[in-house]
Amino acid sequence: MLPIPRTVCWIPSWSASHPDVGIEHLRLSEGQADGLVVAIDDERGPFRLHYRLNWDAQWCLRDAALSLIVGEGVAARTMGLATDGQGHWTDDRGAALPALEGCLDIDIWPTPFTNSFPIRRVSLAVGERREFRMAWVDGTALTVRPQAQAYTRLDERRYRFESLDGSGFTADLEVDEHGLVVDYPGLFRRV
């Protein structure tokens, strides 16, 4: 069981021009996450991403609210998503999002927290690999699209993440005993 309430912080290391500049502060409570990412994107510059997630006891996401500020003097842009846990999604106005049909989990860039959803929702045996259809949110632009991904459990606390978008990207994620990322090589490290 995940001890809550709990606060977790990560340092982003993915920015080529500003490695290790920024922080994510995440506050977890029962079925809820409240995260704030402050970092520098190489293309868009400094940004502030706030997200709130709600999920059920099986770690099936129910809704997400995101707010993004990029640049000086710019008003926050927002995005809201909801899902029934069966792969049907709507936006914050209740309009169906057919492109996300079949996505069970959310993956928000740039946070390692959302990697915990498939890890906690599906109990993989060591050596087992499973593919997932994710609602992939680019938090630096507030866009969402489906993305195929795979997770393989390498040992008790390591999972291989694979992006199946043709990029060939893989990473071996170290997680703690609760399935929260400790080290995401080249992208995030917990502090």
# chains A, B, ... in the order shown; residues from 1 in each chain; ligands from 1
call {"tool": "residues_around", "arguments": {"residues": "region 98-113 of chain A", "least_positions_apart": "3", "cutoff": "9 Å", "atoms": "only C-alpha atoms", "output": "PyMOL selection string"}}
result
chain A and resi 10+12+24+26+35+37+49+59-61+64+83-90+116-118+132-140+144-147+180-184+187-189
call {"tool": "write_last_selection", "arguments": {"atoms": "N, CA and C atoms", "output": "short mmCIF file (atom, residue, chain, number, x, y, z; two decimals), in the first residue's frame"}}
result
data_model
loop_
_atom_site.label_atom_id
_atom_site.label_comp_id
_atom_site.auth_asym_id
_atom_site.auth_seq_id
_atom_site.Cartn_x
_atom_site.Cartn_y
_atom_site.Cartn_z
N TRP A 10 11.26 15.33 -8.03
CA TRP A 10 12.22 14.89 -9.04
C TRP A 10 12.91 16.12 -9.63
N PRO A 12 14.54 17.37 -13.16
CA PRO A 12 14.60 17.02 -14.59
C PRO A 12 16.03 17.14 -15.11
N GLU A 24 10.17 19.00 -9.95
CA GLU A 24 8.77 18.62 -9.86
C GLU A 24 8.48 18.34 -8.39
N LEU A 26 5.42 16.83 -6.14
CA LEU A 26 4.19 16.05 -6.26
C LEU A 26 3.66 15.72 -4.87
N GLY A 35 0.54 17.82 -8.84
CA GLY A 35 1.93 18.00 -9.22
C GLY A 35 2.20 19.36 -9.84
N VAL A 37 5.42 21.14 -12.02
CA VAL A 37 6.72 21.02 -12.69
C VAL A 37 7.15 22.43 -13.10
N LEU A 49 4.07 23.82 -15.23
CA LEU A 49 2.97 22.90 -15.50
C LEU A 49 2.40 22.41 -14.18
N TRP A 59 -6.14 1.93 -9.64
CA TRP A 59 -5.24 2.81 -10.38
C TRP A 59 -5.70 3.03 -11.82
N CYS A 60 -7.02 3.08 -12.01
CA CYS A 60 -7.60 3.48 -13.30
C CYS A 60 -7.90 4.97 -13.21
N LEU A 61 -7.29 5.75 -14.08
CA LEU A 61 -7.48 7.20 -14.08
C LEU A 61 -8.95 7.52 -14.29
N ALA A 64 -8.23 14.26 -15.28
CA ALA A 64 -6.98 15.01 -15.24
C ALA A 64 -7.28 16.47 -15.56
N THR A 83 -12.07 10.04 -18.13
CA THR A 83 -12.19 8.72 -18.72
C THR A 83 -12.99 7.82 -17.80
N ASP A 84 -13.62 6.83 -18.39
CA ASP A 84 -14.45 5.91 -17.61
C ASP A 84 -13.68 4.68 -17.15
N GLY A 85 -12.38 4.62 -17.43
CA GLY A 85 -11.57 3.47 -17.06
C GLY A 85 -11.71 2.31 -18.03
N GLN A 86 -12.54 2.47 -19.05
CA GLN A 86 -12.75 1.44 -20.06
C GLN A 86 -12.23 1.88 -21.43
N GLY A 87 -11.52 3.02 -21.47
CA GLY A 87 -10.93 3.49 -22.72
C GLY A 87 -11.75 4.51 -23.47
N HIS A 88 -12.76 5.12 -22.81
CA HIS A 88 -13.57 6.16 -23.43
C HIS A 88 -13.23 7.48 -22.75
N TRP A 89 -12.90 8.50 -23.54
CA TRP A 89 -12.40 9.77 -23.02
C TRP A 89 -13.27 10.93 -23.47
N THR A 90 -13.33 11.96 -22.63
CA THR A 90 -13.99 13.22 -22.98
C THR A 90 -13.09 14.38 -22.56
N SER A 116 3.83 5.35 -13.26
CA SER A 116 3.35 4.49 -12.18
C SER A 116 1.99 3.87 -12.48
N PHE A 117 1.19 4.48 -13.35
CA PHE A 117 -0.15 3.95 -13.62
C PHE A 117 -0.12 2.52 -14.18
N PRO A 118 0.56 2.25 -15.30
CA PRO A 118 0.57 0.86 -15.77
C PRO A 118 1.32 -0.08 -14.83
N PHE A 132 0.68 -1.18 -24.00
CA PHE A 132 -0.38 -0.31 -23.52
C PHE A 132 -0.65 0.77 -24.56
N ARG A 133 -1.89 1.21 -24.64
CA ARG A 133 -2.27 2.36 -25.45
C ARG A 133 -2.52 3.51 -24.46
N MET A 134 -1.69 4.52 -24.55
CA MET A 134 -1.70 5.62 -23.58
C MET A 134 -2.30 6.89 -24.19
N ALA A 135 -2.94 7.68 -23.34
CA ALA A 135 -3.28 9.06 -23.70
C ALA A 135 -2.04 9.88 -23.34
N TRP A 136 -1.24 10.22 -24.37
CA TRP A 136 0.04 10.88 -24.15
C TRP A 136 -0.16 12.39 -24.23
N VAL A 137 0.11 13.06 -23.11
CA VAL A 137 -0.07 14.51 -23.02
C VAL A 137 1.29 15.17 -23.07
N ASP A 138 1.48 16.07 -24.03
CA ASP A 138 2.67 16.92 -24.05
C ASP A 138 2.35 18.12 -23.18
N GLY A 139 2.84 18.08 -21.94
CA GLY A 139 2.55 19.14 -20.99
C GLY A 139 3.23 20.46 -21.29
N THR A 140 4.18 20.48 -22.22
CA THR A 140 4.81 21.74 -22.60
C THR A 140 4.04 22.45 -23.71
N VAL A 144 -2.80 16.34 -26.62
CA VAL A 144 -2.96 14.94 -26.24
C VAL A 144 -3.17 14.11 -27.49
N ARG A 145 -2.57 12.93 -27.49
CA ARG A 145 -2.72 12.00 -28.61
C ARG A 145 -2.50 10.58 -28.10
N PRO A 146 -2.96 9.59 -28.81
CA PRO A 146 -2.69 8.21 -28.39
C PRO A 146 -1.24 7.83 -28.69
N GLN A 147 -0.68 6.99 -27.85
CA GLN A 147 0.67 6.50 -28.09
C GLN A 147 0.79 5.08 -27.55
N LEU A 180 6.82 3.91 -7.70
CA LEU A 180 7.12 5.30 -8.07
C LEU A 180 8.55 5.38 -8.56
N VAL A 181 8.77 6.09 -9.65
CA VAL A 181 10.09 6.17 -10.27
C VAL A 181 11.10 6.83 -9.33
N VAL A 182 12.24 6.17 -9.19
CA VAL A 182 13.38 6.70 -8.45
C VAL A 182 14.39 7.30 -9.43
N ASP A 183 14.65 6.57 -10.52
CA ASP A 183 15.60 7.02 -11.52
C ASP A 183 15.08 6.67 -12.91
N TYR A 184 15.02 7.69 -13.75
CA TYR A 184 14.63 7.55 -15.17
C TYR A 184 15.83 8.07 -15.93
N LEU A 187 16.56 11.47 -17.89
CA LEU A 187 15.38 12.33 -17.89
C LEU A 187 15.02 12.89 -16.52
N PHE A 188 14.97 12.02 -15.49
CA PHE A 188 14.55 12.46 -14.15
C PHE A 188 15.28 11.64 -13.09
N ARG A 189 15.52 12.29 -11.95
CA ARG A 189 16.01 11.55 -10.78
C ARG A 189 15.31 12.12 -9.55
#
call {"tool": "select_by_dssp", "arguments": {"residues": "chain A", "states": "helix (DSSP H, G or I)", "output": "NGL selection string"}}
result
:A and (98-100 or 113-121)
call {"tool": "atom_distance", "arguments": {"atom1": "CA of Trp14 (chain A)", "atom2": "CA of Gly73 (chain A)"}}
result
25.5 Å
call {"tool": "closest_residue", "arguments": {"among": "A:Ser123, A:Thr170, A:Ser13, A:Ser67", "to": "Glu156 (chain A)", "atoms": "only C-alpha atoms"}}
result
A:Ser123
call {"tool": "atom_distance", "arguments": {"atom1": "CA of Gln32 (chain A)", "atom2": "CA of Ala150 (chain A)"}}
result
24.3 Å
call {"tool": "select_by_dssp", "arguments": {"residues": "region 12-147 of chain A", "states": "strand (DSSP E)", "output": "ChimeraX atom specification"}}
result
/A:12,22-29,32-41,45-55,61-70,77-83,89-91,105-109,129-138,143-147
call {"tool": "closest_residue", "arguments": {"among": "A:Pro19, A:Glu131, A:Thr143, A:Arg121", "to": "Arg77 (chain A)", "atoms": "only C-alpha atoms"}}
result
A:Thr143
call {"tool": "residues_around", "arguments": {"residues": "Ser17 (chain A)", "least_positions_apart": "3", "cutoff": "10 Å", "atoms": "only C-alpha atoms", "output": "MDAnalysis selection string"}}
result
chainID A and resid 13:14 20:21 40:42
call {"tool": "write_last_selection", "arguments": {"atoms": "C-alpha atoms", "output": "compact mmCIF listing (two decimals), in the first residue's frame"}}
result
# COMPACT_ATOMS: atom_id res chain seq x y z
CA SER A 13 17.80 16.22 -16.48
CA TRP A 14 16.36 16.09 -20.03
CA ASP A 20 19.32 19.62 -13.74
CA VAL A 21 17.51 22.98 -13.79
CA ILE A 40 13.13 24.95 -18.96
CA ASP A 41 12.24 23.39 -22.31
CA ASP A 42 14.89 23.77 -25.02
call {"tool": "closest_residue", "arguments": {"among": "A:Asn115, A:Val175, A:Ser29, A:Val122", "to": "Asn54 (chain A)", "atoms": "only C-alpha atoms"}}
result
A:Ser29
call {"tool": "decode", "arguments": {"residues": "region 100-122 of chain A", "atoms": "N, CA and C atoms", "output": "short mmCIF file (atom, residue, chain, number, x, y, z; two decimals), in the first residue's frame"}}
result
data_model
loop_
_atom_site.label_atom_id
_atom_site.label_comp_id
_atom_site.auth_asym_id
_atom_site.auth_seq_id
_atom_site.Cartn_x
_atom_site.Cartn_y
_atom_site.Cartn_z
N LEU A 100 -8.64 8.96 -28.64
CA LEU A 100 -8.09 8.32 -27.44
C LEU A 100 -8.80 7.01 -27.10
N GLU A 101 -9.73 6.59 -27.94
CA GLU A 101 -10.48 5.36 -27.69
C GLU A 101 -9.52 4.19 -27.44
N GLY A 102 -9.74 3.49 -26.36
CA GLY A 102 -8.91 2.33 -26.02
C GLY A 102 -7.73 2.65 -25.11
N CYS A 103 -7.45 3.94 -24.88
CA CYS A 103 -6.37 4.31 -23.96
C CYS A 103 -6.87 4.13 -22.53
N LEU A 104 -6.12 3.36 -21.74
CA LEU A 104 -6.52 3.15 -20.35
C LEU A 104 -5.74 4.02 -19.38
N ASP A 105 -4.55 4.42 -19.75
CA ASP A 105 -3.68 5.20 -18.86
C ASP A 105 -3.32 6.52 -19.51
N ILE A 106 -2.83 7.42 -18.66
CA ILE A 106 -2.32 8.70 -19.13
C ILE A 106 -0.81 8.72 -18.93
N ASP A 107 -0.12 9.36 -19.85
CA ASP A 107 1.33 9.57 -19.72
C ASP A 107 1.56 11.05 -19.99
N ILE A 108 1.93 11.78 -18.96
CA ILE A 108 2.14 13.22 -19.09
C ILE A 108 3.64 13.49 -19.18
N TRP A 109 4.04 14.18 -20.24
CA TRP A 109 5.40 14.67 -20.37
C TRP A 109 5.39 16.11 -19.87
N PRO A 110 6.24 16.53 -19.00
CA PRO A 110 7.42 15.89 -18.44
C PRO A 110 7.28 15.56 -16.95
N THR A 111 6.71 14.42 -16.65
CA THR A 111 6.72 13.91 -15.29
C THR A 111 6.92 12.40 -15.31
N PRO A 112 7.73 11.87 -14.42
CA PRO A 112 7.87 10.42 -14.34
C PRO A 112 6.73 9.77 -13.54
N PHE A 113 5.90 10.57 -12.87
CA PHE A 113 4.86 9.99 -12.03
C PHE A 113 3.89 9.12 -12.81
N THR A 114 3.49 9.55 -14.00
CA THR A 114 2.45 8.81 -14.72
C THR A 114 2.93 7.45 -15.22
N ASN A 115 4.24 7.18 -15.18
CA ASN A 115 4.72 5.82 -15.46
C ASN A 115 4.22 4.84 -14.40
N SER A 116 3.83 5.35 -13.26
CA SER A 116 3.35 4.49 -12.18
C SER A 116 1.99 3.87 -12.48
N PHE A 117 1.19 4.48 -13.35
CA PHE A 117 -0.15 3.95 -13.62
C PHE A 117 -0.12 2.52 -14.18
N PRO A 118 0.56 2.25 -15.30
CA PRO A 118 0.57 0.86 -15.77
C PRO A 118 1.32 -0.08 -14.83
N ILE A 119 2.37 0.45 -14.17
CA ILE A 119 3.15 -0.38 -13.24
C ILE A 119 2.29 -0.81 -12.06
N ARG A 120 1.48 0.10 -11.52
CA ARG A 120 0.65 -0.24 -10.36
C ARG A 120 -0.65 -0.94 -10.77
N ARG A 121 -1.19 -0.60 -11.94
CA ARG A 121 -2.48 -1.15 -12.35
C ARG A 121 -2.37 -2.61 -12.79
N VAL A 122 -1.24 -2.97 -13.43
CA VAL A 122 -1.06 -4.32 -13.97
C VAL A 122 0.12 -4.97 -13.25
#
